[in-house]
Amino acid sequence: MAFYLSFKEIGHSKGRYLLIAMIVALITTLVLFIAALSEGLGSGNREYLEKLNGELVVFQENVDLSIGASRIGRSKLNAIRRVEGVADAGQVANSSVSVIVPGRDPIDVSLFGVEPGRPGEPPAFEGRNLGRARANEVVIDERLVRLTGLAVGDTLTVRSIQGTKEEFYDLAIVGATDGRAYFIQPGIFVPYLTFEKVKPQGENERGGNGEYVSNIVAVKLDDPAQIDVMAERLETVVGGIEAVDRKTAYEAAPGYSAQMSTLSTQRYFTFLIGVLVVGGFFQIQTLQKVAQVGMLKAIGASNRTVALSAIAQIVTLNALGVALGTAGSLALSLTFPPAVPITFTGDAVASAVIALMVIGPVGGLVSVFLLLRVEPLVALGLAQ
Amino acid sequence: MSEALRADVVTKVYGQGANAVTAVNQVSFSIMPGEFVALVGPSGSGKTTLLAMLAGLLSPSDGEILIGGEPLGELSEAERTRFRGRAIGFSFQSNNLVPYLTALENVELMLRLNGKLDRAGRVRSRELLERLGLADRMRAYPGQLSGGQQQRVAIARALIHQPSVVLADEPTASLDTERAYQVVETFAHLIHEQERAGIMVTHDLRMVKYVDRVIQMMDGRLSQIISDRAEIDALAAMQSGSVETPAGATQAEDGDNGNGGGT
């Protein structure tokens, strides 16, 4: 009976109900795009560190875990390698350069200098890993493959600013790795001595003793479960360094936490708007049909029937809106260029959809409560 | 034959202490199956409040109401709701029909509420609407029907589930004279034919010519019961072209729709 009344009413006022379903669909689109943007920006900022093949990331002490500010020399790297419990350690240097692709604007990328075969070097899923420490070769992020169409075997031209001069380097693409972006830029990986050619370090950066200096050190442990113990041991034994896990490292990236919390706030506010819009619509709807509900109760419809009918309407319209919004968002995302940092992941979409499925009934609770309070006496004009 | 409806010294008081208003004061009467009764009286006489108590929508402050021998006061609210759906038929002054159901669906609604909508019920619903002259309007929505047609659909809905008692609140309020006569005449005919007990609250005394008895209310009390056919006809005839009650109060606008304590 409740479902009969519910669907009859929807069928009779299709336009009105489709309108609210479309509003829910738009809210769904907004929520999903914020979630996808959050995921896209988040992964674009943390991908390299998140997927690092080492449990600990070592920074210079007192640099607020800033990769750009951190400097670690070879002597410290060797000291780290000698600490008991360290399986291996690799130096990682980072800078920003541009990739020159004929016929289009230069693309900014994160250049990483890594030690071939050591932690910090990403595995190539296509082609091969880096070879010698001085080879003019590069492994590129799949994002760059999508953006430029470059493939293994091609030559990549890198533009590097050295002082006030532009220098260009040709590097042979020997492999492609999965998404390894950092700072919303695709990652490209060269052997650390090649990095030194592309981004030569000044004497000041070398600490005056001429040793090669990297930004961070990726540390692989004998026992990955001993992260906290090993971080403390490294800091104590080596000195002048700060060792943290990967999550702490990428969360410390400049602006990362602020960006994520801003997007989360936007998402929660959109949910709140959804609750208010759906709640407001059904509340107005309820107020408009007080007399009709009173009549239904007078002729024998129970509170359960009336409430169930309203809940069925709310759930149906909400589900329709969420389904339309989800399908629309996913279809729309296919039209976005790869440069837009939008990433739809199953988890993010599922959690947003579940939350959206809940907001409708939550928003409609007030109207259900109002319906339960309608007196059948209104049918005789004896109550409001 | 046992009484279809009995009101036993029924009183309704709104408010308490110095603010107490007695809307219905010690009213007693009974109605037999197949009997059609008009409940009349000036505005504020308590007739709508009495109707609400007879329908189980309002509990008496004192006294008892029995429908088909069942004391309404002994039923819980949920039981009273189910009882209304089963044993009482309603026709209201306004907002009578569900706007998103067709005329036929509105009639069938009572059978659905009682879980009795089967093939026979569907056939009966159609036949009843046909008898009420709505054969070609069954698929129309209330918004597409005239006031008279809507009232006839409401009458069909009030009778389709074969209730013991049929209650009509000002069924002719929004109709012109000719349509009002047609509606009440049809209503009376079906009440008699199906042997239901019918009560019609009306401010229009011309309509009493179709009823078997007139119960007149005044200041919450039952002031007069007219059972004599000649007296009833005389009352109706006297009112033709006028809407004054015998008590002299103007009845052109019988609101009875105050704020819960009006009548």
# chains A, B, ... in the order shown; residues from 1 in each chain; ligands from 1

$ closest_atom_pairs --of "chain A" --to "chain B" --cutoff "9 Å" --atoms "only C-alpha atoms" --output "tab-separated table"
residue	atom	partner	partner_atom	distance
A:Met1	CA	B:Arg112	CA	6.7
A:Leu5	CA	B:Leu101	CA	8.5
A:Lys8	CA	B:Tyr100	CA	6.5
A:Glu9	CA	B:Tyr100	CA	5.4
A:Ile10	CA	B:Tyr100	CA	8.6
A:Gly11	CA	B:Tyr100	CA	8.3
A:His12	CA	B:Tyr100	CA	5.5
A:Ser13	CA	B:Tyr100	CA	7.9
A:Ala291	CA	B:Asn95	CA	6.5
A:Gln292	CA	B:Asn95	CA	6.1
A:Val293	CA	B:Val98	CA	9.0
A:Met295	CA	B:Asn96	CA	7.0
A:Leu296	CA	B:Val98	CA	8.0
A:Lys297	CA	B:Thr81	CA	7.2
A:Ala298	CA	B:Leu57	CA	7.1
A:Ile299	CA	B:Gly85	CA	5.3
A:Gly300	CA	B:Gly85	CA	3.9
A:Ala301	CA	B:Leu113	CA	6.6
A:Ser302	CA	B:Thr81	CA	6.4
A:Asn303	CA	B:Ala78	CA	8.4
A:Glu375	CA	B:Leu57	CA	8.6
A:Pro376	CA	B:Leu57	CA	6.6
A:Leu377	CA	B:Leu57	CA	6.1
A:Val378	CA	B:Asn257	CA	8.8
A:Ala379	CA	B:Phe92	CA	6.9
A:Leu380	CA	B:Phe92	CA	6.8
A:Gly381	CA	B:Asn257	CA	4.5
A:Leu382	CA	B:Gly260	CA	4.9
A:Ala383	CA	B:Gly260	CA	5.2
A:Gln384	CA	B:Asn259	CA	7.3

$ write_last_selection --atoms "C-alpha atoms" --output "compact mmCIF listing (two decimals), in the first residue's frame"
# COMPACT_ATOMS: atom_id res chain seq x y z
CA MET A 1 0.00 0.00 0.00
CA LEU A 5 0.86 5.45 -3.01
CA LYS A 8 1.64 6.63 -7.96
CA GLU A 9 2.48 10.06 -6.66
CA ILE A 10 5.89 10.06 -8.32
CA GLY A 11 4.32 8.89 -11.58
CA HIS A 12 1.67 11.61 -11.42
CA SER A 13 4.14 14.43 -10.73
CA ALA A 291 -4.88 18.03 4.23
CA GLN A 292 -4.44 15.07 1.92
CA VAL A 293 -2.47 13.12 4.52
CA MET A 295 -7.78 12.60 4.83
CA LEU A 296 -5.77 9.41 4.22
CA LYS A 297 -5.35 8.89 7.96
CA ALA A 298 -9.06 9.58 8.52
CA ILE A 299 -10.12 6.92 6.03
CA GLY A 300 -7.85 4.34 7.67
CA ALA A 301 -4.26 4.74 6.43
CA SER A 302 -1.91 4.03 9.32
CA ASN A 303 1.05 6.17 10.34
CA GLU A 375 -3.88 14.71 12.70
CA PRO A 376 -6.64 12.92 10.79
CA LEU A 377 -8.92 15.62 12.23
CA VAL A 378 -7.64 18.02 9.56
CA ALA A 379 -9.91 16.13 7.17
CA LEU A 380 -12.84 17.65 9.05
CA GLY A 381 -11.16 21.01 9.42
CA LEU A 382 -10.83 20.51 13.17
CA ALA A 383 -7.04 20.67 13.44
CA GLN A 384 -4.10 22.31 11.67

$ residues_around --residues "region 24-38 of chain B" --least-positions-apart "6" --cutoff "7 Å" --atoms "only C-alpha atoms" --output "number ranges by chain"
B: 2-12, 46, 50, 188, 191-192, 194-202, 208, 211-215, 220-222

$ select_by_dssp --residues "region 11-111 of chain B" --states "helix (DSSP H, G or I)" --output "PyMOL selection string"
chain B and resi 17-19+47-54+72-74+77-87+103-111

$ write_last_selection --atoms "N, CA and C atoms" --output "compact mmCIF listing (two decimals), in the first residue's frame"
# COMPACT_ATOMS: atom_id res chain seq x y z
N GLY B 17 -10.44 23.87 33.27
CA GLY B 17 -10.70 24.93 34.26
C GLY B 17 -11.56 26.04 33.68
N ALA B 18 -11.09 27.27 33.90
CA ALA B 18 -11.86 28.44 33.47
C ALA B 18 -11.93 28.54 31.95
N ASN B 19 -10.95 27.91 31.25
CA ASN B 19 -10.92 27.98 29.78
C ASN B 19 -11.70 26.84 29.12
N LYS B 47 -21.83 20.09 15.77
CA LYS B 47 -22.12 18.93 14.91
C LYS B 47 -20.86 18.31 14.29
N THR B 48 -19.88 19.14 13.93
CA THR B 48 -18.67 18.56 13.36
C THR B 48 -17.85 17.85 14.43
N THR B 49 -17.82 18.40 15.64
CA THR B 49 -17.13 17.73 16.74
C THR B 49 -17.79 16.38 17.02
N LEU B 50 -19.12 16.38 16.98
CA LEU B 50 -19.85 15.12 17.20
C LEU B 50 -19.50 14.12 16.09
N LEU B 51 -19.46 14.61 14.85
CA LEU B 51 -19.12 13.73 13.73
C LEU B 51 -17.71 13.14 13.91
N ALA B 52 -16.76 14.00 14.36
CA ALA B 52 -15.39 13.53 14.58
C ALA B 52 -15.36 12.43 15.64
N MET B 53 -16.20 12.57 16.67
CA MET B 53 -16.24 11.53 17.72
C MET B 53 -16.88 10.25 17.18
N LEU B 54 -17.93 10.41 16.38
CA LEU B 54 -18.60 9.23 15.80
C LEU B 54 -17.63 8.48 14.87
N LEU B 72 -15.86 2.30 20.68
CA LEU B 72 -14.65 2.91 20.12
C LEU B 72 -13.64 3.27 21.20
N GLY B 73 -14.14 3.59 22.38
CA GLY B 73 -13.27 4.02 23.48
C GLY B 73 -12.34 2.92 23.96
N GLU B 74 -12.67 1.69 23.66
CA GLU B 74 -11.82 0.59 24.13
C GLU B 74 -10.73 0.23 23.13
N GLU B 77 -5.27 3.72 19.50
CA GLU B 77 -5.30 4.62 18.34
C GLU B 77 -5.09 3.83 17.04
N ALA B 78 -4.13 2.89 17.07
CA ALA B 78 -3.86 2.11 15.86
C ALA B 78 -5.07 1.23 15.51
N GLU B 79 -5.70 0.69 16.54
CA GLU B 79 -6.89 -0.16 16.29
C GLU B 79 -8.04 0.69 15.74
N ARG B 80 -8.15 1.91 16.25
CA ARG B 80 -9.22 2.80 15.76
C ARG B 80 -8.99 3.14 14.29
N THR B 81 -7.70 3.34 13.93
CA THR B 81 -7.39 3.65 12.53
C THR B 81 -7.81 2.49 11.64
N ARG B 82 -7.44 1.28 12.05
CA ARG B 82 -7.82 0.09 11.26
C ARG B 82 -9.34 -0.06 11.21
N PHE B 83 -9.99 0.23 12.37
CA PHE B 83 -11.44 0.11 12.46
C PHE B 83 -12.12 1.09 11.49
N ARG B 84 -11.59 2.32 11.44
CA ARG B 84 -12.16 3.33 10.52
C ARG B 84 -12.08 2.83 9.08
N GLY B 85 -10.92 2.26 8.73
CA GLY B 85 -10.74 1.78 7.37
C GLY B 85 -11.70 0.66 7.02
N ARG B 86 -12.08 -0.10 8.04
CA ARG B 86 -12.91 -1.28 7.81
C ARG B 86 -14.40 -0.98 7.93
N ALA B 87 -14.77 -0.20 8.96
CA ALA B 87 -16.19 -0.11 9.33
C ALA B 87 -16.85 1.23 9.02
N ALA B 103 -10.14 8.40 -10.61
CA ALA B 103 -11.42 8.20 -9.91
C ALA B 103 -11.54 6.74 -9.48
N LEU B 104 -11.25 5.83 -10.40
CA LEU B 104 -11.37 4.41 -10.10
C LEU B 104 -10.38 4.00 -9.00
N GLU B 105 -9.15 4.49 -9.11
CA GLU B 105 -8.14 4.16 -8.09
C GLU B 105 -8.51 4.72 -6.72
N ASN B 106 -9.15 5.89 -6.71
CA ASN B 106 -9.59 6.46 -5.44
C ASN B 106 -10.63 5.57 -4.78
N VAL B 107 -11.52 5.01 -5.60
CA VAL B 107 -12.55 4.12 -5.04
C VAL B 107 -11.90 2.82 -4.55
N GLU B 108 -11.00 2.29 -5.39
CA GLU B 108 -10.33 1.03 -5.02
C GLU B 108 -9.42 1.18 -3.80
N LEU B 109 -9.05 2.43 -3.51
CA LEU B 109 -8.13 2.69 -2.40
C LEU B 109 -8.63 2.08 -1.08
N MET B 110 -9.96 2.16 -0.85
CA MET B 110 -10.49 1.62 0.41
C MET B 110 -10.31 0.10 0.47
N LEU B 111 -10.43 -0.55 -0.68
CA LEU B 111 -10.23 -2.00 -0.71
C LEU B 111 -8.76 -2.33 -0.51

$ residues_around --residues "region 225-233 of chain A" --least-positions-apart "2" --cutoff "7 Å" --atoms "only C-alpha atoms" --output "compact mmCIF listing (two decimals) with C-alpha atoms, in the first residue's frame"
# COMPACT_ATOMS: atom_id res chain seq x y z
CA GLU A 55 60.09 1.94 4.60
CA ASP A 223 62.38 -5.89 9.15
CA GLU A 235 68.66 9.47 14.09
CA THR A 236 70.75 8.49 17.12
CA VAL A 237 73.54 6.65 15.32
CA ALA A 243 63.92 9.61 9.60
CA VAL A 244 60.18 9.23 9.04

$ closest_residue --among "B:Arg131, B:Gln239, B:Asp136, B:Ala173" --to "Gln151 (chain B)" --atoms "only C-alpha atoms"
B:Ala173

$ select_by_dssp --residues "region 35-215 of chain A" --states "strand (DSSP E)" --output "PyMOL selection string"
chain A and resi 56-60+72-73+86-100+107-114+126-127+137-141+155-162+165-177+187-191+213-214

$ write_last_selection --atoms "C-alpha atoms" --output "compact mmCIF listing (two decimals), in the first residue's frame"
# COMPACT_ATOMS: atom_id res chain seq x y z
CA LEU A 56 61.86 5.08 5.80
CA VAL A 57 62.65 8.44 4.25
CA VAL A 58 65.64 10.28 5.70
CA PHE A 59 65.78 14.09 5.65
CA GLN A 60 68.32 16.57 6.90
CA ILE A 72 72.34 14.71 2.73
CA GLY A 73 75.88 13.99 1.66
CA VAL A 86 69.22 -1.27 7.31
CA ALA A 87 68.97 -3.58 4.31
CA ASP A 88 69.84 -0.91 1.75
CA ALA A 89 69.67 2.83 1.21
CA GLY A 90 69.61 4.93 -1.92
CA GLN A 91 70.07 8.62 -2.38
CA VAL A 92 67.35 10.60 -4.09
CA ALA A 93 67.84 14.04 -5.56
CA ASN A 94 64.90 16.05 -6.78
CA SER A 95 64.38 19.14 -8.87
CA SER A 96 61.93 20.56 -11.36
CA VAL A 97 62.73 20.69 -15.07
CA SER A 98 60.74 20.95 -18.29
CA VAL A 99 60.28 18.38 -21.00
CA ILE A 100 60.32 19.81 -24.50
CA ILE A 107 55.70 20.20 -19.62
CA ASP A 108 57.01 20.68 -16.11
CA VAL A 109 58.14 17.42 -14.54
CA SER A 110 59.74 16.29 -11.28
CA LEU A 111 63.25 15.12 -12.04
CA PHE A 112 64.61 12.50 -9.68
CA GLY A 113 68.20 11.42 -9.50
CA VAL A 114 68.30 7.89 -8.12
CA GLU A 126 57.74 -1.46 -19.60
CA GLY A 127 61.27 -1.46 -21.03
CA GLU A 137 68.87 7.45 -19.96
CA VAL A 138 65.60 8.01 -18.26
CA VAL A 139 62.60 6.07 -16.93
CA ILE A 140 59.37 8.05 -17.25
CA ASP A 141 56.07 8.12 -15.40
CA THR A 155 64.44 10.48 -26.91
CA LEU A 156 63.33 12.93 -24.27
CA THR A 157 64.61 16.48 -24.34
CA VAL A 158 64.91 18.15 -20.97
CA ARG A 159 65.29 21.87 -20.43
CA SER A 160 67.10 22.82 -17.25
CA ILE A 161 67.68 26.33 -15.94
CA GLN A 162 71.25 26.62 -14.69
CA LYS A 165 70.94 29.96 -18.75
CA GLU A 166 68.74 27.38 -20.35
CA GLU A 167 70.45 24.05 -21.00
CA PHE A 168 68.98 21.20 -23.02
CA TYR A 169 69.73 17.50 -22.56
CA ASP A 170 68.65 14.54 -24.63
CA LEU A 171 67.90 11.41 -22.66
CA ALA A 172 67.02 7.97 -24.04
CA ILE A 173 63.79 6.61 -22.65
CA VAL A 174 64.62 3.08 -21.50
CA GLY A 175 61.58 2.32 -19.38
CA ALA A 176 58.18 3.47 -18.19
CA THR A 177 56.93 3.17 -14.65
CA GLY A 187 58.16 12.02 -12.37
CA ILE A 188 61.13 11.24 -14.58
CA PHE A 189 64.03 9.21 -13.20
CA VAL A 190 67.67 9.46 -14.16
CA PRO A 191 70.83 7.94 -12.65
CA VAL A 213 74.77 15.67 -2.04
CA SER A 214 71.23 14.33 -2.43

$ residues_around --residues "Phe281 (chain A)" --least-positions-apart "5" --cutoff "12 Å" --atoms "only C-alpha atoms" --output "list in words"
Arg16, Tyr17, Leu19, Ile20, Ala21, Ile23, Val24, Gly274, Val275, Leu276, Thr286, Leu287, Gln288, Gln313, Ile314, Leu317, Asn318, Gly360, Gly363, Gly364, Leu365, Val366 and Ser367 of chain A

$ write_last_selection --atoms "N, CA and C atoms" --output "short mmCIF file (atom, residue, chain, number, x, y, z; two decimals), in the first residue's frame"
data_model
loop_
_atom_site.label_atom_id
_atom_site.label_comp_id
_atom_site.auth_asym_id
_atom_site.auth_seq_id
_atom_site.Cartn_x
_atom_site.Cartn_y
_atom_site.Cartn_z
N ARG A 16 8.09 17.28 -11.26
CA ARG A 16 8.52 17.78 -9.96
C ARG A 16 9.57 16.85 -9.33
N TYR A 17 9.28 15.55 -9.40
CA TYR A 17 10.19 14.60 -8.77
C TYR A 17 11.50 14.43 -9.57
N LEU A 19 12.87 16.79 -11.13
CA LEU A 19 13.65 17.99 -10.80
C LEU A 19 14.49 17.76 -9.54
N ILE A 20 13.87 17.19 -8.51
CA ILE A 20 14.63 16.97 -7.28
C ILE A 20 15.68 15.88 -7.50
N ALA A 21 15.34 14.88 -8.34
CA ALA A 21 16.34 13.84 -8.64
C ALA A 21 17.53 14.46 -9.38
N ILE A 23 18.53 17.54 -9.04
CA ILE A 23 19.30 18.33 -8.07
C ILE A 23 20.22 17.39 -7.29
N VAL A 24 19.69 16.24 -6.89
CA VAL A 24 20.52 15.24 -6.19
C VAL A 24 21.65 14.79 -7.12
N GLY A 274 23.42 18.95 0.44
CA GLY A 274 22.54 17.86 -0.03
C GLY A 274 21.46 17.54 0.98
N VAL A 275 21.85 17.43 2.24
CA VAL A 275 20.88 17.13 3.30
C VAL A 275 19.82 18.23 3.35
N LEU A 276 20.28 19.49 3.29
CA LEU A 276 19.33 20.61 3.39
C LEU A 276 18.42 20.69 2.17
N THR A 286 5.65 18.02 2.08
CA THR A 286 4.81 17.53 3.18
C THR A 286 3.82 18.60 3.62
N LEU A 287 4.32 19.82 3.77
CA LEU A 287 3.44 20.90 4.22
C LEU A 287 2.32 21.15 3.23
N GLN A 288 2.63 20.92 1.94
CA GLN A 288 1.61 21.15 0.91
C GLN A 288 0.51 20.09 0.94
N GLN A 313 9.57 7.19 -1.27
CA GLN A 313 9.78 8.28 -2.25
C GLN A 313 11.17 8.88 -2.10
N ILE A 314 11.54 9.16 -0.87
CA ILE A 314 12.83 9.82 -0.62
C ILE A 314 13.97 8.92 -1.10
N LEU A 317 13.97 8.57 -5.06
CA LEU A 317 14.45 9.76 -5.77
C LEU A 317 15.93 9.99 -5.51
N ASN A 318 16.32 9.75 -4.28
CA ASN A 318 17.73 9.92 -3.93
C ASN A 318 18.60 8.94 -4.72
N GLY A 360 19.92 11.53 1.70
CA GLY A 360 18.51 11.71 1.34
C GLY A 360 17.59 11.37 2.49
N GLY A 363 17.98 13.79 5.30
CA GLY A 363 17.31 15.06 5.00
C GLY A 363 15.80 14.94 5.09
N GLY A 364 15.29 13.77 4.73
CA GLY A 364 13.84 13.59 4.72
C GLY A 364 13.24 13.23 6.07
N LEU A 365 14.11 13.02 7.07
CA LEU A 365 13.59 12.60 8.38
C LEU A 365 12.60 13.60 8.97
N VAL A 366 12.90 14.89 8.78
CA VAL A 366 12.02 15.92 9.36
C VAL A 366 10.63 15.81 8.74
N SER A 367 10.61 15.60 7.40
CA SER A 367 9.30 15.54 6.75
C SER A 367 8.53 14.29 7.19
#

$ atom_distance --atom1 "CA of Ser75 (chain A)" --atom2 "CA of Ile216 (chain A)"
13.1 Å

$ atom_distance --atom1 "CA of Met260 (chain A)" --atom2 "CA of Val349 (chain A)"
16.7 Å

$ closest_residue --among "A:Ile184, A:Ile359, A:Leu308, A:Ala135" --to "Pro116 (chain A)" --atoms "only C-alpha atoms"
A:Ala135

$ closest_residue --among "B:Ala23, B:Ile225, B:Leu39, B:Ser76" --to "Pro60 (chain B)" --atoms "only C-alpha atoms"
B:Ala23

$ decode --residues "region 31-90 of chain A" --atoms "C-alpha atoms" --output "PDB file, in the first residue's frame"
ATOM      1  CA  VAL A  31      30.692  15.505  -4.474  1.00  0.00           C
ATOM      2  CA  LEU A  32      32.269  12.975  -6.836  1.00  0.00           C
ATOM      3  CA  PHE A  33      34.330  15.595  -8.651  1.00  0.00           C
ATOM      4  CA  ILE A  34      35.554  17.050  -5.378  1.00  0.00           C
ATOM      5  CA  ALA A  35      36.453  13.516  -4.252  1.00  0.00           C
ATOM      6  CA  ALA A  36      38.171  12.822  -7.579  1.00  0.00           C
ATOM      7  CA  LEU A  37      39.996  16.149  -7.482  1.00  0.00           C
ATOM      8  CA  SER A  38      41.050  15.442  -3.909  1.00  0.00           C
ATOM      9  CA  GLU A  39      42.307  12.021  -4.966  1.00  0.00           C
ATOM     10  CA  GLY A  40      43.966  13.402  -8.104  1.00  0.00           C
ATOM     11  CA  LEU A  41      45.713  16.251  -6.333  1.00  0.00           C
ATOM     12  CA  GLY A  42      46.572  14.045  -3.366  1.00  0.00           C
ATOM     13  CA  SER A  43      48.095  11.292  -5.453  1.00  0.00           C
ATOM     14  CA  GLY A  44      49.812  13.842  -7.684  1.00  0.00           C
ATOM     15  CA  ASN A  45      51.517  15.188  -4.594  1.00  0.00           C
ATOM     16  CA  ARG A  46      52.388  11.956  -2.854  1.00  0.00           C
ATOM     17  CA  GLU A  47      52.608   9.208  -5.477  1.00  0.00           C
ATOM     18  CA  TYR A  48      56.395   8.957  -5.599  1.00  0.00           C
ATOM     19  CA  LEU A  49      56.848   8.850  -1.828  1.00  0.00           C
ATOM     20  CA  GLU A  50      53.791   6.652  -1.289  1.00  0.00           C
ATOM     21  CA  LYS A  51      55.111   3.986  -3.649  1.00  0.00           C
ATOM     22  CA  LEU A  52      58.727   4.304  -2.563  1.00  0.00           C
ATOM     23  CA  ASN A  53      60.441   0.915  -2.271  1.00  0.00           C
ATOM     24  CA  GLY A  54      61.745   1.657   1.204  1.00  0.00           C
ATOM     25  CA  GLU A  55      60.093   1.942   4.595  1.00  0.00           C
ATOM     26  CA  LEU A  56      61.860   5.082   5.797  1.00  0.00           C
ATOM     27  CA  VAL A  57      62.653   8.441   4.251  1.00  0.00           C
ATOM     28  CA  VAL A  58      65.637  10.284   5.702  1.00  0.00           C
ATOM     29  CA  PHE A  59      65.775  14.093   5.647  1.00  0.00           C
ATOM     30  CA  GLN A  60      68.317  16.566   6.904  1.00  0.00           C
ATOM     31  CA  GLU A  61      67.529  17.575  10.467  1.00  0.00           C
ATOM     32  CA  ASN A  62      65.566  20.805  11.115  1.00  0.00           C
ATOM     33  CA  VAL A  63      64.251  21.345   7.574  1.00  0.00           C
ATOM     34  CA  ASP A  64      60.588  20.573   8.427  1.00  0.00           C
ATOM     35  CA  LEU A  65      60.777  17.472   6.239  1.00  0.00           C
ATOM     36  CA  SER A  66      61.094  19.629   3.133  1.00  0.00           C
ATOM     37  CA  ILE A  67      62.662  17.714   0.256  1.00  0.00           C
ATOM     38  CA  GLY A  68      63.710  20.958  -1.413  1.00  0.00           C
ATOM     39  CA  ALA A  69      65.528  22.198   1.686  1.00  0.00           C
ATOM     40  CA  SER A  70      67.042  18.891   2.788  1.00  0.00           C
ATOM     41  CA  ARG A  71      70.672  18.025   1.930  1.00  0.00           C
ATOM     42  CA  ILE A  72      72.338  14.714   2.734  1.00  0.00           C
ATOM     43  CA  GLY A  73      75.878  13.994   1.655  1.00  0.00           C
ATOM     44  CA  ARG A  74      77.547  10.704   0.695  1.00  0.00           C
ATOM     45  CA  SER A  75      79.236  10.382   4.093  1.00  0.00           C
ATOM     46  CA  LYS A  76      75.867  10.426   5.856  1.00  0.00           C
ATOM     47  CA  LEU A  77      74.474   8.021   3.254  1.00  0.00           C
ATOM     48  CA  ASN A  78      77.303   5.597   3.968  1.00  0.00           C
ATOM     49  CA  ALA A  79      76.698   5.972   7.706  1.00  0.00           C
ATOM     50  CA  ILE A  80      73.032   5.154   7.176  1.00  0.00           C
ATOM     51  CA  ARG A  81      73.928   2.035   5.198  1.00  0.00           C
ATOM     52  CA  ARG A  82      76.118   0.830   8.049  1.00  0.00           C
ATOM     53  CA  VAL A  83      73.387   1.033  10.709  1.00  0.00           C
ATOM     54  CA  GLU A  84      72.303  -2.372  11.902  1.00  0.00           C
ATOM     55  CA  GLY A  85      68.837  -3.295  10.543  1.00  0.00           C
ATOM     56  CA  VAL A  86      69.216  -1.272   7.306  1.00  0.00           C
ATOM     57  CA  ALA A  87      68.972  -3.581   4.307  1.00  0.00           C
ATOM     58  CA  ASP A  88      69.838  -0.914   1.750  1.00  0.00           C
ATOM     59  CA  ALA A  89      69.666   2.825   1.213  1.00  0.00           C
ATOM     60  CA  GLY A  90      69.611   4.929  -1.920  1.00  0.00           C
TER      61      GLY A  90
END
